[in-house]
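Have a look at query.cif below; it lists mmCIF, C-alpha atoms and all ligand atoms.
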data_start
loop_
_atom_site.label_atom_id
_atom_site.label_comp_id
_atom_site.auth_asym_id
_atom_site.auth_seq_id
_atom_site.Cartn_x
_atom_site.Cartn_y
_atom_site.Cartn_z
CA MET A 1 -22.34 -15.80 -19.59
CA ALA A 2 -18.69 -16.77 -19.94
CA SER A 3 -18.86 -16.73 -23.73
CA ALA A 4 -20.58 -13.29 -23.68
CA LEU A 5 -17.70 -11.98 -21.54
CA LEU A 6 -15.17 -13.48 -23.89
CA GLU A 7 -16.69 -11.47 -26.79
CA LYS A 8 -15.09 -8.41 -25.17
CA PHE A 9 -11.60 -9.78 -25.77
CA ARG A 10 -9.66 -8.45 -28.74
CA ASP A 11 -8.07 -11.87 -29.10
CA ARG A 12 -10.89 -14.16 -28.09
CA LYS A 13 -9.29 -17.35 -29.43
CA LEU A 14 -6.11 -16.72 -27.45
CA ALA A 15 -8.12 -16.00 -24.28
CA ILE A 16 -10.03 -19.28 -24.67
CA ARG A 17 -6.76 -21.14 -25.17
CA ILE A 18 -5.14 -19.63 -22.06
CA LEU A 19 -8.25 -20.33 -19.98
CA ARG A 20 -8.14 -23.95 -21.16
CA GLU A 21 -4.46 -24.15 -20.14
CA ILE A 22 -5.32 -22.60 -16.74
CA ARG A 23 -7.98 -25.25 -16.14
CA GLY A 24 -5.46 -27.94 -17.11
CA LEU A 25 -3.19 -26.81 -14.27
CA ASN A 26 -5.75 -27.64 -11.57
CA PRO A 27 -3.67 -28.40 -8.44
CA ASP A 28 -6.62 -30.20 -6.74
CA ARG A 29 -6.84 -27.57 -4.01
CA ARG A 30 -7.94 -23.97 -3.74
CA VAL A 31 -5.41 -21.41 -4.98
CA LYS A 32 -5.37 -17.75 -4.05
CA PHE A 33 -3.28 -15.16 -5.89
CA MET A 34 -3.11 -11.46 -5.06
CA HIS A 35 -2.40 -8.50 -7.30
CA VAL A 36 -1.32 -5.13 -5.87
CA CYS A 37 -2.32 -2.69 -8.59
CA GLY A 38 -5.46 -0.63 -9.25
CA SER A 39 -5.04 -1.08 -13.02
CA HIS A 40 -5.01 -4.87 -12.63
CA GLU A 41 -8.17 -4.70 -10.54
CA LEU A 42 -9.81 -2.56 -13.23
CA THR A 43 -8.93 -5.08 -15.95
CA ILE A 44 -10.05 -8.07 -13.85
CA THR A 45 -13.38 -6.49 -12.87
CA LYS A 46 -14.19 -4.70 -16.13
CA PHE A 47 -13.60 -7.83 -18.23
CA GLY A 48 -15.25 -10.14 -15.71
CA LEU A 49 -12.13 -12.32 -15.45
CA ARG A 50 -13.12 -13.68 -12.04
CA SER A 51 -16.21 -15.30 -13.53
CA LEU A 52 -14.05 -16.97 -16.21
CA PHE A 53 -11.68 -18.56 -13.73
CA PRO A 54 -12.33 -22.11 -12.47
CA ASP A 55 -13.91 -22.47 -9.00
CA TRP A 56 -10.64 -23.45 -7.36
CA LEU A 57 -8.88 -20.23 -8.44
CA GLU A 58 -9.20 -16.85 -6.75
CA VAL A 59 -7.43 -13.58 -7.64
CA ILE A 60 -7.91 -10.92 -4.99
CA SER A 61 -6.97 -7.28 -4.81
CA GLY A 62 -4.38 -6.05 -2.31
CA PRO A 63 -3.00 -2.62 -1.37
CA GLY A 64 -2.55 -1.44 -4.95
CA CYS A 65 -4.07 2.02 -4.82
CA PRO A 66 -1.70 4.71 -3.52
CA ILE A 67 -4.43 7.14 -2.52
CA CYS A 68 -6.29 4.38 -0.63
CA VAL A 69 -3.25 3.55 1.53
CA THR A 70 -2.39 7.17 2.33
CA SER A 71 -3.03 7.42 6.06
CA ALA A 72 -5.59 9.65 7.72
CA ALA A 73 -2.67 11.29 9.54
CA GLU A 74 -1.17 12.41 6.21
CA ILE A 75 -4.50 13.86 5.08
CA ASP A 76 -4.69 15.60 8.48
CA GLU A 77 -1.17 17.02 8.01
CA THR A 78 -2.18 18.45 4.63
CA ILE A 79 -5.35 19.96 6.10
CA GLU A 80 -3.34 21.42 8.99
CA LEU A 81 -0.98 23.12 6.53
CA ALA A 82 -3.94 24.48 4.58
CA LYS A 83 -5.46 25.84 7.81
CA ARG A 84 -2.21 27.67 8.52
CA GLY A 85 -2.77 29.61 5.31
CA HIS A 86 -0.42 27.75 2.99
CA PHE A 87 -1.37 27.07 -0.61
CA ILE A 88 -1.91 23.30 -1.04
CA THR A 89 -1.67 21.50 -4.36
CA THR A 90 -2.45 17.85 -4.93
CA PHE A 91 -3.89 15.38 -7.41
CA GLY A 92 -7.66 15.13 -7.84
CA ASP A 93 -8.33 11.90 -5.98
CA MET A 94 -6.61 13.09 -2.78
CA PHE A 95 -9.10 15.91 -2.57
CA ARG A 96 -12.01 13.79 -1.34
CA VAL A 97 -10.20 11.19 0.78
CA PRO A 98 -11.33 11.42 4.40
CA GLY A 99 -8.81 12.31 7.08
CA THR A 100 -9.60 11.78 10.76
CA ARG A 101 -12.36 14.36 10.84
CA THR A 102 -12.63 15.97 7.44
CA SER A 103 -11.23 16.09 3.89
CA LEU A 104 -9.33 18.60 1.79
CA GLU A 105 -12.55 19.19 -0.11
CA ASN A 106 -14.28 20.32 3.08
CA ALA A 107 -11.26 22.38 4.08
CA ARG A 108 -11.55 24.22 0.77
CA THR A 109 -15.25 24.82 1.34
CA ASP A 110 -14.21 26.37 4.68
CA GLY A 111 -11.90 28.78 2.86
CA ALA A 112 -8.57 26.93 2.55
CA ASP A 113 -6.52 27.36 -0.64
CA VAL A 114 -6.44 23.87 -2.14
CA LYS A 115 -5.85 23.39 -5.84
CA ILE A 116 -5.92 20.23 -7.91
CA VAL A 117 -3.00 19.96 -10.34
CA TYR A 118 -2.34 17.46 -13.13
CA GLY A 119 1.41 17.28 -12.65
CA VAL A 120 3.98 18.38 -10.10
CA ALA A 121 5.42 20.89 -12.62
CA ASP A 122 2.09 22.79 -12.41
CA ALA A 123 2.50 23.02 -8.63
CA VAL A 124 6.06 24.37 -8.96
CA GLU A 125 4.85 26.90 -11.53
CA MET A 126 2.19 28.03 -9.06
CA ALA A 127 4.93 28.71 -6.48
CA ARG A 128 6.86 30.74 -9.06
CA ARG A 129 3.80 32.82 -9.87
CA ASN A 130 2.98 33.40 -6.18
CA PRO A 131 6.35 34.22 -4.53
CA GLU A 132 4.59 35.76 -1.51
CA ARG A 133 2.87 32.42 -0.68
CA GLU A 134 4.21 29.10 0.61
CA VAL A 135 3.07 26.37 -1.79
CA VAL A 136 2.99 22.78 -0.48
CA HIS A 137 2.47 19.85 -2.81
CA ALA A 138 1.07 16.67 -1.23
CA ALA A 139 3.01 14.03 -3.17
CA VAL A 140 1.25 10.67 -3.19
CA GLY A 141 2.06 7.51 -5.11
CA PHE A 142 4.17 4.38 -5.36
CA GLU A 143 7.59 3.98 -6.98
CA THR A 144 6.00 4.83 -10.34
CA THR A 145 5.57 8.53 -9.59
CA ALA A 146 8.36 9.09 -7.06
CA PRO A 147 11.02 9.69 -9.78
CA THR A 148 9.06 12.72 -11.05
CA ILE A 149 9.16 14.23 -7.55
CA ALA A 150 12.88 13.45 -7.27
CA ALA A 151 13.57 15.09 -10.64
CA GLU A 152 11.66 18.23 -9.60
CA ILE A 153 13.66 18.49 -6.35
CA LEU A 154 16.94 18.12 -8.26
CA ARG A 155 15.84 20.95 -10.58
CA GLU A 156 15.82 23.20 -7.50
CA PRO A 157 12.29 24.51 -7.12
CA PRO A 158 11.73 28.03 -5.70
CA GLU A 159 12.32 28.64 -1.96
CA ASN A 160 8.59 28.99 -1.30
CA PHE A 161 7.86 25.47 -2.58
CA SER A 162 7.88 22.28 -0.51
CA PHE A 163 6.65 18.70 -0.63
CA LEU A 164 4.63 16.73 1.87
CA VAL A 165 5.98 13.36 0.76
CA CYS A 166 3.52 10.47 1.19
CA HIS A 167 5.15 8.00 -1.22
CA ARG A 168 4.94 4.28 -0.47
CA LEU A 169 6.94 1.29 -1.64
CA ILE A 170 5.18 -1.84 -2.84
CA PRO A 171 7.54 -4.80 -2.07
CA PRO A 172 7.59 -4.10 1.73
CA ALA A 173 3.75 -4.19 1.79
CA MET A 174 3.81 -7.53 -0.07
CA GLU A 175 6.29 -8.84 2.50
CA PHE A 176 4.09 -7.59 5.34
CA LEU A 177 1.13 -9.54 3.94
CA LEU A 178 3.17 -12.72 3.57
CA ALA A 179 4.78 -12.40 7.01
CA SER A 180 1.50 -11.68 8.81
CA GLY A 181 -0.15 -14.77 7.31
CA GLU A 182 -3.51 -13.03 7.71
CA THR A 183 -4.24 -13.68 4.05
CA ALA A 184 -3.06 -17.10 2.87
CA LEU A 185 -1.50 -16.44 -0.53
CA ASP A 186 -0.11 -18.78 -3.18
CA GLY A 187 1.48 -16.10 -5.36
CA PHE A 188 1.55 -12.50 -6.49
CA ILE A 189 0.75 -10.80 -9.76
CA CYS A 190 3.28 -7.96 -9.41
CA PRO A 191 2.41 -4.49 -10.67
CA GLY A 192 3.44 -3.54 -14.20
CA HIS A 193 3.87 0.24 -13.76
CA VAL A 194 5.87 0.04 -10.52
CA SER A 195 8.06 -2.67 -12.05
CA THR A 196 9.01 -0.51 -15.06
CA ILE A 197 10.87 1.58 -12.45
CA ILE A 198 12.15 -0.96 -9.90
CA GLY A 199 12.55 -3.97 -12.24
CA SER A 200 12.07 -7.54 -11.06
CA LYS A 201 14.97 -7.83 -8.59
CA PRO A 202 13.32 -6.31 -5.46
CA TYR A 203 10.67 -9.07 -5.51
CA GLY A 204 13.27 -11.89 -5.55
CA PRO A 205 13.79 -12.14 -1.76
CA LEU A 206 10.04 -12.67 -1.25
CA SER A 207 10.03 -15.76 -3.47
CA LYS A 208 13.08 -17.13 -1.65
CA LYS A 209 11.94 -16.37 1.90
CA TYR A 210 8.23 -17.21 1.60
CA GLY A 211 8.28 -19.72 -1.26
CA VAL A 212 5.80 -17.86 -3.45
CA PRO A 213 5.82 -17.55 -7.23
CA GLN A 214 5.53 -14.02 -8.66
CA VAL A 215 4.80 -12.76 -12.17
CA ILE A 216 5.00 -9.13 -13.30
CA ALA A 217 2.05 -8.71 -15.64
CA GLY A 218 0.77 -6.03 -18.02
CA PHE A 219 -2.75 -4.61 -18.05
CA GLU A 220 -4.52 -6.12 -21.04
CA PRO A 221 -6.88 -8.98 -20.14
CA ILE A 222 -4.57 -11.36 -22.01
CA ASP A 223 -1.64 -10.14 -19.87
CA VAL A 224 -3.52 -10.93 -16.67
CA LEU A 225 -4.61 -14.36 -17.95
CA LEU A 226 -1.03 -15.13 -18.96
CA GLY A 227 0.20 -13.92 -15.55
CA VAL A 228 -2.18 -16.30 -13.80
CA TRP A 229 -1.20 -19.16 -16.10
CA MET A 230 2.53 -18.49 -15.43
CA LEU A 231 1.92 -18.52 -11.67
CA LEU A 232 0.05 -21.82 -11.87
CA LYS A 233 2.79 -23.27 -14.05
CA GLN A 234 5.37 -22.36 -11.39
CA LEU A 235 3.25 -24.07 -8.73
CA ARG A 236 2.89 -27.18 -10.90
CA GLU A 237 6.64 -27.31 -11.64
CA GLY A 238 7.69 -26.58 -8.05
CA ARG A 239 9.41 -23.31 -9.03
CA ARG A 240 9.23 -20.23 -6.80
CA GLU A 241 10.69 -17.27 -8.68
CA VAL A 242 9.98 -13.91 -10.27
CA GLU A 243 9.03 -13.96 -13.95
CA ILE A 244 8.15 -11.12 -16.28
CA GLU A 245 5.10 -11.45 -18.49
CA TYR A 246 5.11 -7.69 -19.26
CA THR A 247 8.37 -7.92 -21.22
CA ARG A 248 7.36 -5.12 -23.59
CA SER A 249 7.85 -2.59 -20.75
CA VAL A 250 9.71 -4.19 -17.83
CA ARG A 251 13.39 -5.13 -17.72
CA PRO A 252 14.92 -7.06 -14.80
CA GLU A 253 17.08 -4.07 -13.84
CA GLY A 254 14.19 -1.56 -14.20
CA ASN A 255 14.83 2.10 -14.96
CA VAL A 256 18.28 2.64 -13.48
CA VAL A 257 18.32 6.41 -14.07
CA ALA A 258 15.02 6.80 -12.19
CA GLN A 259 16.31 4.59 -9.35
CA GLU A 260 19.46 6.74 -9.04
CA LYS A 261 17.40 9.92 -8.84
CA MET A 262 15.15 8.40 -6.18
CA SER A 263 18.03 7.27 -3.99
CA GLU A 264 19.74 10.66 -4.36
CA VAL A 265 16.66 12.48 -3.06
CA PHE A 266 14.85 10.04 -0.76
CA GLU A 267 15.65 7.82 2.18
CA VAL A 268 13.53 4.82 3.10
CA VAL A 269 11.58 4.95 6.37
CA ASP A 270 9.01 2.92 8.32
CA LYS A 271 5.44 4.15 7.84
CA ARG A 272 1.86 3.36 8.76
CA TRP A 273 -0.40 2.58 5.78
CA ARG A 274 -4.14 3.10 5.93
CA GLY A 275 -5.57 -0.21 7.06
CA PHE A 276 -2.17 -1.51 8.13
CA PRO A 277 0.11 -0.97 11.11
CA VAL A 278 3.57 0.55 10.58
CA ILE A 279 5.26 -1.35 7.75
CA PRO A 280 9.06 -1.41 8.05
CA ARG A 281 10.99 0.43 5.31
CA SER A 282 7.87 1.03 3.27
CA ALA A 283 7.95 4.76 2.48
CA PHE A 284 10.11 7.58 1.20
CA GLN A 285 11.04 10.77 2.97
CA LEU A 286 13.29 13.56 1.69
CA ARG A 287 16.95 13.34 2.66
CA ARG A 288 18.25 15.98 5.06
CA GLU A 289 20.04 17.86 2.21
CA PHE A 290 16.63 18.73 0.80
CA GLU A 291 14.91 19.64 4.07
CA LYS A 292 14.26 23.21 2.96
CA HIS A 293 11.74 21.65 0.56
CA ASP A 294 10.36 19.21 3.14
CA ALA A 295 7.05 20.62 4.44
CA ARG A 296 7.20 18.49 7.61
CA THR A 297 10.53 20.00 8.65
CA LYS A 298 9.90 23.48 7.29
CA PHE A 299 6.57 23.94 9.08
CA ASP A 300 7.04 21.49 11.96
CA VAL A 301 3.65 19.97 11.21
CA GLN A 302 2.54 17.38 13.75
CA VAL A 303 -0.84 15.72 13.97
CA GLU A 304 -2.18 13.02 16.21
CA SER A 305 -2.12 9.74 14.29
CA MET A 306 -5.57 8.17 14.10
CA VAL A 307 -6.92 5.09 12.34
CA GLY A 308 -9.25 7.27 10.29
CA PHE A 309 -12.03 4.92 9.14
CA ALA A 310 -15.67 5.90 8.99
CA LYS A 311 -17.84 3.72 11.25
CA GLY A 312 -18.46 0.42 9.48
CA CYS A 313 -15.97 1.08 6.66
CA ARG A 314 -13.94 -2.06 5.92
CA CYS A 315 -11.27 -0.48 3.71
CA GLY A 316 -8.58 -2.14 5.85
CA ASP A 317 -9.97 -5.61 5.07
CA VAL A 318 -10.38 -4.73 1.37
CA LEU A 319 -6.77 -3.53 1.19
CA LYS A 320 -5.49 -6.72 2.87
CA GLY A 321 -7.50 -8.90 0.48
CA LEU A 322 -9.64 -10.30 3.31
CA ILE A 323 -12.96 -9.34 1.72
CA TYR A 324 -14.31 -8.23 -1.66
CA PRO A 325 -15.82 -4.70 -1.67
CA PRO A 326 -19.47 -5.84 -1.89
CA GLU A 327 -18.95 -7.69 1.40
CA CYS A 328 -18.68 -4.33 3.18
CA PRO A 329 -22.14 -3.59 4.63
CA LEU A 330 -21.91 0.03 3.46
CA PHE A 331 -21.04 -0.79 -0.17
CA GLY A 332 -23.53 0.78 -2.59
CA LYS A 333 -25.81 1.79 0.29
CA THR A 334 -24.33 4.63 2.30
CA CYS A 335 -21.01 4.45 0.42
CA THR A 336 -20.96 5.31 -3.29
CA PRO A 337 -18.49 7.20 -5.54
CA GLU A 338 -20.70 10.29 -5.12
CA LYS A 339 -20.70 9.96 -1.32
CA PRO A 340 -17.64 7.87 -0.42
CA ARG A 341 -17.10 6.75 3.18
CA GLY A 342 -13.59 5.44 2.61
CA GLY A 343 -10.59 6.01 0.33
CA CYS A 344 -11.24 2.78 -1.60
CA MET A 345 -14.49 4.27 -2.95
CA VAL A 346 -13.04 7.73 -3.69
CA THR A 347 -10.46 7.03 -6.31
CA THR A 348 -10.93 5.32 -9.66
CA GLU A 349 -8.01 3.04 -8.70
CA GLY A 350 -9.77 1.94 -5.50
CA ALA A 351 -11.23 -1.58 -5.38
CA CYS A 352 -14.60 -0.38 -4.03
CA ASN A 353 -14.93 2.33 -6.68
CA ILE A 354 -14.03 -0.17 -9.44
CA ALA A 355 -16.49 -2.76 -8.11
CA PHE A 356 -19.26 -0.16 -7.90
CA ARG A 357 -18.69 1.11 -11.44
CA HIS A 358 -18.03 -2.18 -13.22
CA GLU A 359 -19.71 -5.07 -11.37
CA ARG A 360 -23.22 -5.09 -12.82
CA PRO A 361 -24.92 -7.38 -10.28
CA HIS A 362 -23.93 -5.08 -7.42
CA ARG A 363 -25.01 -1.96 -9.26
CA ASP A 364 -28.40 -3.49 -9.99
CA ARG A 365 -29.13 -4.49 -6.37
S1 LIG B 1 -17.53 0.22 0.41
FE1 LIG B 1 -17.00 2.21 1.28
S2 LIG B 1 -17.21 1.98 3.46
FE2 LIG B 1 -17.04 -0.08 2.57
S3 LIG B 1 -14.86 -0.59 2.56
FE3 LIG B 1 -15.29 0.34 0.61
S4 LIG B 1 -14.83 2.51 0.92
FE4 LIG B 1 -15.03 1.61 2.97
#
Would it be possible to restate this file's structure as structure tokens?
Amino acid sequence: MASALLEKFRDRKLAIRILREIRGLNPDRRVKFMHVCGSHELTITKFGLRSLFPDWLEVISGPGCPICVTSAAEIDETIELAKRGHFITTFGDMFRVPGTRTSLENARTDGADVKIVYGVADAVEMARRNPEREVVHAAVGFETTAPTIAAEILREPPENFSFLVCHRLIPPAMEFLLASGETALDGFICPGHVSTIIGSKPYGPLSKKYGVPQVIAGFEPIDVLLGVWMLLKQLREGRREVEIEYTRSVRPEGNVVAQEKMSEVFEVVDKRWRGFPVIPRSAFQLRREFEKHDARTKFDVQVESMVGFAKGCRCGDVLKGLIYPPECPLFGKTCTPEKPRGGCMVTTEGACNIAFRHERPHRDR
């Protein structure tokens, strides 16, 4: 089985060598690492990396899918704006994520104007072409996509255009997980895309405060294997620091221009994540100077904040790395990508969706 999986690797010999090195770093106890990135989960599941790891090593998925962590309250806000007759634009995956009672998809069936766009520039263009309508773009994502929103704001979009900002920040969620102790973790594989923007520095305090090694890794299977090997090497050598495996894209200082644009446009606020309580300083909101483009201020939208899980859905536990998707009793039965019960099954970056599409044994049950 393992050798059949290894056939998928472009550099099979290198993969075998790294796996041998990983086994050689056996710390004589169980080790649990977490990644916080949908693309890492896709690589790990699609290439069957978990079955290649030794028994003592576990790599679990955390809150790495921005759509999955968008709260039911934010979906409800978007639906409320649609019901008031505003034109809503968003990215495809947001469309089917359940809010407290319904989704944007259902709101559209009931007559709301909801349009899927492929980039925020398309949403702004829609506002220009429809000056008689208020166009609201539900902006979802981590630090990777926030600079695009900031750049669009700085370009001064038309008066009839606003954002419902739902952007989240990854390092505060990692800190929440470490501080809560709910999931005992020995290290993090830090996300490659987010780190191209923020660099490696924001992770540093976590290594210092909680004594965990961290490695920013790329998305090829070899990158992930190397990331795991680097984490184990830190454990063996007693080091607790942030290292970059993904050196072809990530610099320690990150993308300084993007960071400047983000801090010009956004301030950092506390926010509830789906499956989590309020996480301190974990989200962006528009600064007061840009409030004419802030849908929450412009339309005074207020919804009752609810937990927003379907009965039996264990998305919260999946997002905290407490269970693997197939451990949810609804997985593959009443919850499938065609009929998702939770956000983690809706989007192709969600752990449940990835497990359903790429884990053969579960698909064959
Ligand atoms: S399988 Fe479906 S119901 Fe279960 S945790 Fe995942 S999204 Fe929620």
For this session: Considering all atoms listed in the file, state which residue in the set A:Leu169, A:Met94, A:Leu154, A:Val114 is at the smallest distance from Glu289 of chain A.
Result: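 Of all the options, A:Leu154 lies closest to Glu289 of chain A.
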For this session: May I have the residues within 7 Å of ligand LIG 1 (chain B), computed using all atoms listed in the file, as JSON, numbers by chain?
Result: {"A": [310, 312, 313, 314, 315, 318, 325, 326, 328, 329, 330, 331, 332, 335, 336, 340, 341, 342, 343, 344, 345, 352]}
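Distance check against Ala150 of chain A using all atoms listed in the file: of A:Val301, A:Ala355, A:Val257, A:Leu226, the minimum falls on A:Val257.
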For this session: Go through A:Gly64, A:Gly199, A:Pro171, A:Gly204 and flag the residue nearest Arg251 of chain A, using only C-alpha atoms for the distances.
Result: A:Gly199
Problem set entry | Top pick for closest residue to Leu231 of chain A, considering A:Asp76, A:Asp186, A:Asp317, A:Glu264 and counting only C-alpha atoms |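 Using only C-alpha atoms, Leu231 of chain A sits closest to A:Asp186.
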